[in-house]
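Okay, structure_0.txt now, which holds compact mmCIF, C-alpha atoms:
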# COMPACT_ATOMS: atom_id res chain seq x y z
CA MET V 1 109.30 -0.68 239.99
CA LYS V 2 110.99 -2.06 243.09
CA LYS V 3 114.66 -2.95 243.06
CA ASN V 4 116.21 -5.89 244.88
CA LYS V 5 118.57 -5.36 247.79
CA TRP V 6 120.15 -8.27 249.65
CA ILE V 7 120.73 -7.79 253.37
CA VAL V 8 123.26 -9.99 255.15
CA GLN V 9 123.68 -10.51 258.88
CA THR V 10 127.37 -10.26 259.68
CA SER V 11 127.32 -10.78 263.45
CA GLY V 12 126.97 -14.06 265.32
CA PHE V 13 128.17 -16.34 262.50
CA ARG V 14 131.33 -18.10 261.45
CA SER V 15 133.25 -16.06 258.90
CA SER V 16 132.78 -18.84 256.31
CA PHE V 17 128.98 -18.42 256.50
CA ILE V 18 129.26 -14.70 255.87
CA GLU V 19 131.93 -14.96 253.18
CA ALA V 20 129.99 -17.56 251.17
CA THR V 21 127.13 -15.09 250.88
CA ILE V 22 128.99 -11.81 250.38
CA ASP V 23 131.56 -13.22 247.94
CA THR V 24 128.77 -14.59 245.78
CA LEU V 25 126.80 -11.34 245.87
CA LYS V 26 129.93 -9.48 244.78
CA ARG V 27 130.57 -11.88 241.89
CA LEU V 28 126.98 -11.43 240.76
CA SER V 29 127.19 -7.63 241.19
CA PHE V 30 124.02 -7.69 243.29
CA ASN V 31 123.13 -4.76 245.49
CA TYR V 32 123.65 -5.69 249.15
CA GLU V 33 124.14 -4.22 252.61
CA ASP V 34 125.13 -5.83 255.90
CA PHE V 35 123.47 -5.57 259.30
CA GLY V 36 124.07 -6.79 262.83
CA ILE V 37 122.01 -7.59 265.90
CA THR V 38 122.60 -5.65 269.11
CA LYS V 39 122.49 -6.97 272.67
CA GLU V 40 119.05 -5.35 272.91
CA ARG V 41 117.78 -7.65 270.11
CA LYS V 42 117.64 -4.88 267.54
CA LEU V 43 118.70 -4.92 263.89
CA SER V 44 121.51 -2.44 263.29
CA ASN V 45 122.45 -0.34 260.24
CA MET V 46 118.82 0.04 259.13
CA ASN V 47 119.32 3.72 258.30
CA ASN V 48 121.70 2.60 255.53
CA ILE V 49 119.40 -0.21 254.42
CA VAL V 50 115.79 0.95 254.23
CA GLU V 51 114.75 3.02 251.24
CA ASP V 52 111.73 3.53 249.05
CA ASN V 53 110.79 1.16 246.21
CA THR V 54 113.06 -1.60 247.50
CA ARG V 55 112.49 -5.32 247.87
CA TYR V 56 114.79 -7.01 250.40
CA ILE V 57 116.22 -10.52 250.30
CA SER V 58 117.78 -11.57 253.60
CA ARG V 59 120.42 -14.02 254.79
CA GLY V 60 120.66 -14.26 258.55
CA GLY V 61 119.91 -16.33 261.62
CA ILE V 62 116.91 -17.50 263.58
CA LEU V 63 117.14 -14.47 265.87
CA MET V 64 116.71 -12.18 262.85
CA LEU V 65 113.59 -14.10 261.91
CA ASP V 66 112.23 -13.92 265.48
CA ILE V 67 112.83 -10.17 265.68
CA LEU V 68 111.03 -9.48 262.42
CA ASN V 69 108.12 -11.77 263.29
CA GLU V 70 107.59 -10.17 266.70
CA ALA V 71 108.10 -6.52 265.75
CA THR V 72 105.20 -4.07 265.76
CA SER V 73 107.27 -1.14 264.48
CA LEU V 74 110.56 -0.50 262.74
CA THR V 75 111.93 1.57 265.62
CA GLU V 76 111.02 -1.20 268.08
CA CYS V 77 112.99 -3.90 266.23
CA SER V 78 115.91 -1.83 264.92
CA THR V 79 118.26 1.06 265.57
CA TYR V 80 116.50 3.02 262.81
CA ILE V 81 116.17 6.74 263.61
CA ASP V 82 114.24 8.90 261.18
CA ASP V 83 111.26 11.23 261.45
CA GLU V 84 110.08 10.67 257.90
CA ASN V 85 107.19 8.51 256.77
CA ASN V 86 107.16 4.99 255.28
CA LYS V 87 108.29 3.21 258.46
CA GLU V 88 105.39 0.74 258.21
CA GLU V 89 106.21 0.04 254.57
CA TYR V 90 109.87 -0.49 255.42
CA LEU V 91 108.99 -2.99 258.16
CA LYS V 92 106.62 -4.80 255.81
CA GLU V 93 109.35 -5.16 253.20
CA LEU V 94 111.86 -6.36 255.79
CA ARG V 95 109.41 -9.02 256.95
CA ASN V 96 108.85 -10.05 253.35
CA SER V 97 112.60 -10.51 252.99
CA VAL V 98 112.18 -13.83 254.81
CA ASP V 99 110.28 -16.66 253.13
CA TYR V 100 108.70 -18.07 256.24
CA SER V 101 105.47 -19.38 257.73
CA ILE V 102 105.23 -20.31 261.41
CA THR V 103 102.77 -23.11 260.68
CA GLY V 104 104.27 -24.14 257.33
CA PHE V 105 107.57 -25.24 258.85
CA ASP V 106 106.05 -27.02 261.86
CA GLN V 107 106.31 -30.82 261.59
CA SER V 108 103.47 -31.35 264.07
CA ILE V 109 101.27 -29.81 261.37
CA TYR V 110 102.70 -31.18 258.13
CA LYS V 111 102.97 -34.71 259.59
CA ASP V 112 99.30 -35.13 258.70
CA TYR V 113 99.77 -34.45 254.98
CA GLY V 114 100.78 -37.97 253.93
CA LEU V 115 104.41 -37.05 253.21
CA PRO V 116 107.22 -39.67 253.14
CA LEU V 117 108.71 -38.36 256.39
CA LEU V 118 111.71 -39.96 258.01
CA ASN V 119 109.98 -39.87 261.40
CA ASN V 120 106.48 -40.86 260.32
CA ASN V 121 106.15 -42.99 263.45
CA ALA V 122 107.16 -40.16 265.80
CA GLU V 123 105.27 -39.05 268.87
CA TYR V 124 104.68 -35.39 269.71
CA PHE V 125 104.77 -33.87 273.18
CA LEU V 126 104.81 -30.44 274.77
CA CYS V 127 108.39 -30.19 275.99
CA SER V 128 107.49 -28.92 279.47
CA ASP V 129 105.33 -32.02 280.05
CA ILE V 130 108.17 -34.53 279.59
CA LEU V 131 111.35 -32.75 280.69
CA ASP V 132 112.08 -35.41 283.33
CA ARG V 133 111.44 -38.36 281.04
CA LYS V 134 114.23 -40.90 280.54
CA PHE V 135 114.57 -43.86 278.18
CA ASP V 136 115.97 -47.38 278.40
CA LYS V 137 117.18 -47.15 274.78
CA LYS V 138 118.57 -44.36 272.64
CA MET V 139 115.96 -42.17 270.96
CA PHE V 140 115.92 -39.30 268.49
CA LEU V 141 114.36 -35.98 269.45
CA LYS V 142 114.12 -32.52 267.95
CA PRO V 143 111.85 -29.45 268.07
CA SER V 144 108.81 -29.68 265.82
CA LYS V 145 109.36 -26.16 264.47
CA ASP V 146 112.40 -25.25 262.41
CA LEU V 147 113.22 -22.30 264.70
CA LYS V 148 115.75 -24.53 266.45
CA ALA V 149 114.87 -23.84 270.10
CA PHE V 150 117.41 -26.62 270.66
CA ASN V 151 119.49 -28.87 268.45
CA GLY V 152 117.97 -32.13 267.34
CA GLY V 153 119.92 -35.30 268.08
CA ILE V 154 120.17 -38.64 269.84
CA ILE V 155 119.38 -38.78 273.54
CA ASP V 156 121.31 -41.39 275.49
CA THR V 157 119.82 -43.89 277.90
CA ASN V 158 119.01 -42.83 281.46
CA ILE V 159 119.43 -39.14 280.62
CA SER V 160 116.43 -36.87 281.08
CA ILE V 161 115.24 -34.73 278.21
CA LYS V 162 116.03 -31.63 280.25
CA GLU V 163 119.59 -32.82 280.92
CA HIS V 164 120.06 -33.62 277.24
CA ILE V 165 118.87 -30.21 276.04
CA GLU V 166 120.66 -28.25 278.77
CA SER V 167 123.97 -29.93 277.89
CA ASP V 168 123.98 -28.13 274.52
CA TYR V 169 125.05 -24.53 274.07
CA PHE V 170 122.32 -23.82 271.51
CA LYS V 171 118.99 -23.65 273.35
CA ALA V 172 116.42 -20.92 273.93
CA GLY V 173 112.87 -21.01 275.29
CA TYR V 174 112.56 -24.72 274.54
CA GLU V 175 110.09 -25.49 277.34
CA LYS V 176 107.15 -24.21 275.27
CA GLU V 177 108.16 -26.12 272.14
CA THR V 178 106.63 -29.29 270.79
CA ILE V 179 109.08 -32.19 270.78
CA VAL V 180 109.32 -34.79 268.02
CA LEU V 181 110.30 -38.09 269.63
CA ALA V 182 111.10 -41.14 267.49
CA PRO V 183 113.06 -44.42 267.49
CA LEU V 184 116.44 -44.43 265.76
CA ILE V 185 116.59 -45.15 262.04
CA LYS V 186 119.66 -46.22 260.10
CA ILE V 187 120.60 -43.37 257.75
CA TYR V 188 123.15 -43.86 254.96
CA SER V 189 123.40 -40.26 253.77
CA GLU V 190 121.70 -36.87 254.11
CA TYR V 191 121.18 -34.15 251.49
CA ARG V 192 119.98 -30.57 251.46
CA PHE V 193 117.97 -29.07 248.59
CA PHE V 194 116.96 -25.47 247.91
CA ILE V 195 113.60 -25.20 246.16
CA ILE V 196 111.68 -22.37 244.49
CA GLU V 197 107.98 -23.22 244.39
CA ASP V 198 108.19 -26.85 243.17
CA LYS V 199 111.54 -26.74 241.37
CA VAL V 200 114.82 -27.98 242.87
CA ILE V 201 117.50 -25.36 242.18
CA THR V 202 120.56 -26.96 243.76
CA GLY V 203 121.56 -29.48 246.42
CA SER V 204 124.42 -30.92 248.40
CA LEU V 205 125.40 -33.91 250.49
CA TYR V 206 126.04 -32.86 254.09
CA ARG V 207 126.32 -36.11 256.01
CA ARG V 208 127.45 -39.62 255.17
CA GLY V 209 126.64 -42.16 257.86
CA ASP V 210 127.62 -40.68 261.21
CA ARG V 211 130.06 -38.09 259.91
CA VAL V 212 129.66 -34.63 258.43
CA GLU V 213 130.73 -34.61 254.80
CA TYR V 214 130.00 -31.90 252.23
CA ASP V 215 129.87 -32.74 248.54
CA SER V 216 128.26 -30.87 245.65
CA PHE V 217 127.73 -34.15 243.78
CA VAL V 218 124.20 -35.53 244.20
CA PRO V 219 123.40 -38.91 242.59
CA GLU V 220 120.73 -38.82 239.91
CA TYR V 221 118.33 -41.07 241.84
CA ILE V 222 118.55 -38.75 244.86
CA MET V 223 118.02 -35.66 242.72
CA SER V 224 115.06 -37.33 241.01
CA ALA V 225 113.46 -38.09 244.37
CA ALA V 226 114.08 -34.52 245.52
CA GLN V 227 112.34 -33.13 242.46
CA GLU V 228 109.40 -35.49 242.99
CA TYR V 229 109.12 -34.64 246.70
CA ALA V 230 109.42 -30.91 246.03
CA LYS V 231 105.95 -31.03 244.48
CA LEU V 232 104.31 -32.66 247.50
CA TYR V 233 104.34 -29.75 249.95
CA LYS V 234 105.26 -26.06 249.85
CA PRO V 235 105.78 -24.42 253.26
CA ALA V 236 106.85 -21.16 251.52
CA ASP V 237 107.58 -19.94 248.00
CA ILE V 238 111.28 -20.65 248.58
CA PHE V 239 112.34 -23.31 251.06
CA VAL V 240 114.85 -25.96 252.06
CA MET V 241 114.08 -29.68 252.11
CA ASP V 242 116.46 -32.17 253.72
CA LEU V 243 116.38 -35.79 252.56
CA ALA V 244 117.77 -38.99 254.06
CA GLU V 245 118.67 -42.19 252.24
CA THR V 246 117.61 -45.13 254.41
CA GLN V 247 117.09 -48.88 254.05
CA GLU V 248 113.40 -48.10 253.54
CA GLY V 249 114.05 -45.63 250.76
CA ILE V 250 114.49 -41.87 250.51
CA LYS V 251 112.70 -39.94 253.24
CA ILE V 252 112.06 -36.28 254.06
CA ILE V 253 113.92 -35.28 257.23
CA GLU V 254 112.37 -31.82 257.54
CA TYR V 255 111.71 -28.47 255.88
CA ASN V 256 113.64 -25.30 256.76
CA CYS V 257 113.61 -21.58 256.04
CA TRP V 258 116.19 -20.97 253.30
CA ASN V 259 117.11 -17.51 254.62
CA CYS V 260 118.58 -19.07 257.77
CA SER V 261 119.85 -22.40 256.40
CA GLY V 262 123.45 -23.46 255.86
CA LEU V 263 124.52 -23.54 252.22
CA TYR V 264 126.91 -26.48 252.54
CA HIS V 265 128.32 -27.26 249.06
CA VAL V 266 125.35 -26.20 246.94
CA ASN V 267 125.82 -24.07 243.84
CA VAL V 268 125.43 -20.75 245.67
CA GLN V 269 125.80 -18.59 242.57
CA LYS V 270 123.03 -20.45 240.78
CA LEU V 271 120.84 -20.35 243.88
CA PHE V 272 121.21 -16.61 244.44
CA SER V 273 120.68 -15.85 240.74
CA GLU V 274 117.46 -17.88 240.66
CA ILE V 275 116.18 -16.28 243.87
CA ASN V 276 117.05 -12.79 242.67
CA ASN V 277 115.21 -13.34 239.39
CA TYR V 278 112.23 -14.92 241.16
CA LYS V 279 111.91 -11.96 243.51
CA LYS V 280 112.05 -9.55 240.57
CA ARG V 281 109.03 -11.33 239.07
CA SER V 282 107.13 -11.23 242.35
CA ILE V 283 104.55 -8.53 242.92

As structure tokens - that is how I would like this structure written.
Amino acid sequence: MKKNKWIVQTSGFRSSFIEATIDTLKRLSFNYEDFGITKERKLSNMNNIVEDNTRYISRGGILMLDILNEATSLTECSTYIDDENNKEEYLKELRNSVDYSITGFDQSIYKDYGLPLLNNNAEYFLCSDILDRKFDKKMFLKPSKDLKAFNGGIIDTNISIKEHIESDYFKAGYEKETIVLAPLIKIYSEYRFFIIEDKVITGSLYRRGDRVEYDSFVPEYIMSAAQEYAKLYKPADIFVMDLAETQEGIKIIEYNCWNCSGLYHVNVQKLFSEINNYKKRSI
């Protein structure tokens, strides 16, 4: 029988992100190991991580996800050095540590599923085709995939899409991405929910109006909507769903990979316990 081992990326993040994960794993007495990412885009400390009969559960960033998705061998994507067998099995288990689907988390695909999306009236463009486009009114734009090739946000008038994206520190290979472009919508509050299959485990407020605000309290009518919406679409077995309260009702902002998503003020101990137990039951 396989045992669970959590692996936590400890490079490239604010200390609060790392501490929220590791402190919880310690309180729960869960087996865990940390890893980093080198300048050569390789996962470090794999010799202390990989072992037989082990199921991994990861917490890390988008780069971790990219590396695992693109890798063809364990030695290619990591600093692992060992002449023994099982390298293919180790890489398979590391990939399985992330609950992710390239198509499942792509809004240009799930927009056609009849979901109550916040940007149901959005247009979709290949980024490279409209980099010089400007607008006479403020618009909202973001990447269609949740890999965050650039940060979503409001583009000001008379600023090109290229200028808007290039002004942000967080951007990578965005030219090949599909852009979601939509008119602005008045949003009262935004919430994040962590879901296993079709069950909401925990949630948190993360924005009220135009300001960031974290609060573990979620009103019953918001939680009820989250539980209802959780049954509509499942991009992965475990996933994140962000909701917005608007004048037209509660809408789905987007879906995200839970392994790489901020925890905000959710009940982290409950979340990790539920995930750990779920993975134990998985084949």

Problem set entry | For CA of Pro116 in chain V and CA of Glu190 in chain V, the interatomic separation in Å (one decimal) |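 CA of Pro116 in chain V sits 14.8 Å away from CA of Glu190 in chain V.
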
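Closest approach to Leu232 in chain V among V:Glu177, V:Asp198, V:Asp146, V:Glu123 is made by V:Asp198 (distances from all atoms listed in the file).
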
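Closest approach to Phe30 in chain V among V:Leu63, V:Cys257, V:Ile7, V:Ile102 is made by V:Ile7 (distances from all atoms listed in the file).
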
Problem set entry | Separation of CA of Glu93 in chain V from CA of Arg281 in chain V, in Å and rounded to one decimal |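 CA of Arg281 in chain V lies 15.4 Å from CA of Glu93 in chain V.
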
For this session: Could you tell me how far CA of Thr75 in chain V lies from CA of Gly104 in chain V, in Å and to one decimal?
Result: 28.1 Å

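Between Leu263 in chain V and the residues V:Leu91, V:Ala20, V:Val200, V:Leu74, the shortest atom-to-atom distance, using all atoms listed in the file, involves V:Ala20.
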
For this session: Choose the residue, out of V:Ile195, V:Val218, V:Ile154, V:Ile252, that has the smallest atom-to-atom separation from Gln107 in chain V; count all atoms listed in the file.
Result: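 Looking at the shortest contact to Gln107 in chain V, the residue is V:Ile252.
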
Problem set entry | Long-range neighbours of Met64 in chain V as a list in words, 10 Å cut-off, all atoms listed in the file, 2 positions minimum in chain |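 Contacts, with the query itself left out: Gln9, Gly36, Ile37, Arg41, Lys42, Leu43, Ser58, Arg59, Gly60, Gly61, Ile62, Asp66, Ile67, Leu68, Asn69, Cys77, Arg95, Val98, Asn259 and Cys260 of chain V.
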
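Taking only C-alpha atoms into account, those protein, DNA and RNA residues with any atom at most 12 Å away from (133.2, -29.9, 246.5) amount to V:Gly203, V:Ser204, V:Leu205, V:Tyr206, V:Glu213, V:Tyr214, V:Asp215, V:Ser216, V:Phe217, V:Val218, V:Tyr264, V:His265, V:Val266, V:Asn267.
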
For this session: For Ile57 in chain V, please output as an NGL selection string all residues within 12 Å (counting all atoms listed in the file; exclusion window: fewer than 6 positions along the same chain).
Result: :V and (3-9 or 21 or 25 or 30-34 or 49 or 93-99 or 238 or 258-260 or 272-273 or 275-280)

Problem set entry | Proximity to Gln227 in chain V - best of V:Asn45, V:Thr202, V:Ser282, V:Ser78, only C-alpha atoms | V:Thr202

Problem set entry | Shell around Asn256 in chain V at 7 Å using all atoms listed in the file, local window under 3 positions removed, as a PyMOL selection string | chain V and resi 105+146+239-241+261

For this session: Have a look at V:Ser101, V:Asn119, V:Asn53, V:Ser189 and name the one nearest to Thr246 in chain V; count all atoms listed in the file.
Result: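 Using all atoms listed in the file, Thr246 in chain V sits closest to V:Ser189.
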
For this session: Do a neighbour search on range 182-186 of chain V at 6 Å with only C-alpha atoms, toss out local chain neighbours closer than 3 positions, and write the hits as a list in words.
Result: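 Counting only the stated atoms, we get Ala122, Met139 and Phe140 of chain V.
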
Would you place a box with edges along x, y and z of the file around all atoms of range 103-112 of chain V listed there, add 5 Å to each of its six sides, and report the centre and edge lengths in Å to one decimal, as lines of an AutoDock Vina configuration file?
center_x = 103.4
center_y = -29.1
center_z = 260.7
size_x = 18.3
size_y = 22.0
size_z = 16.7
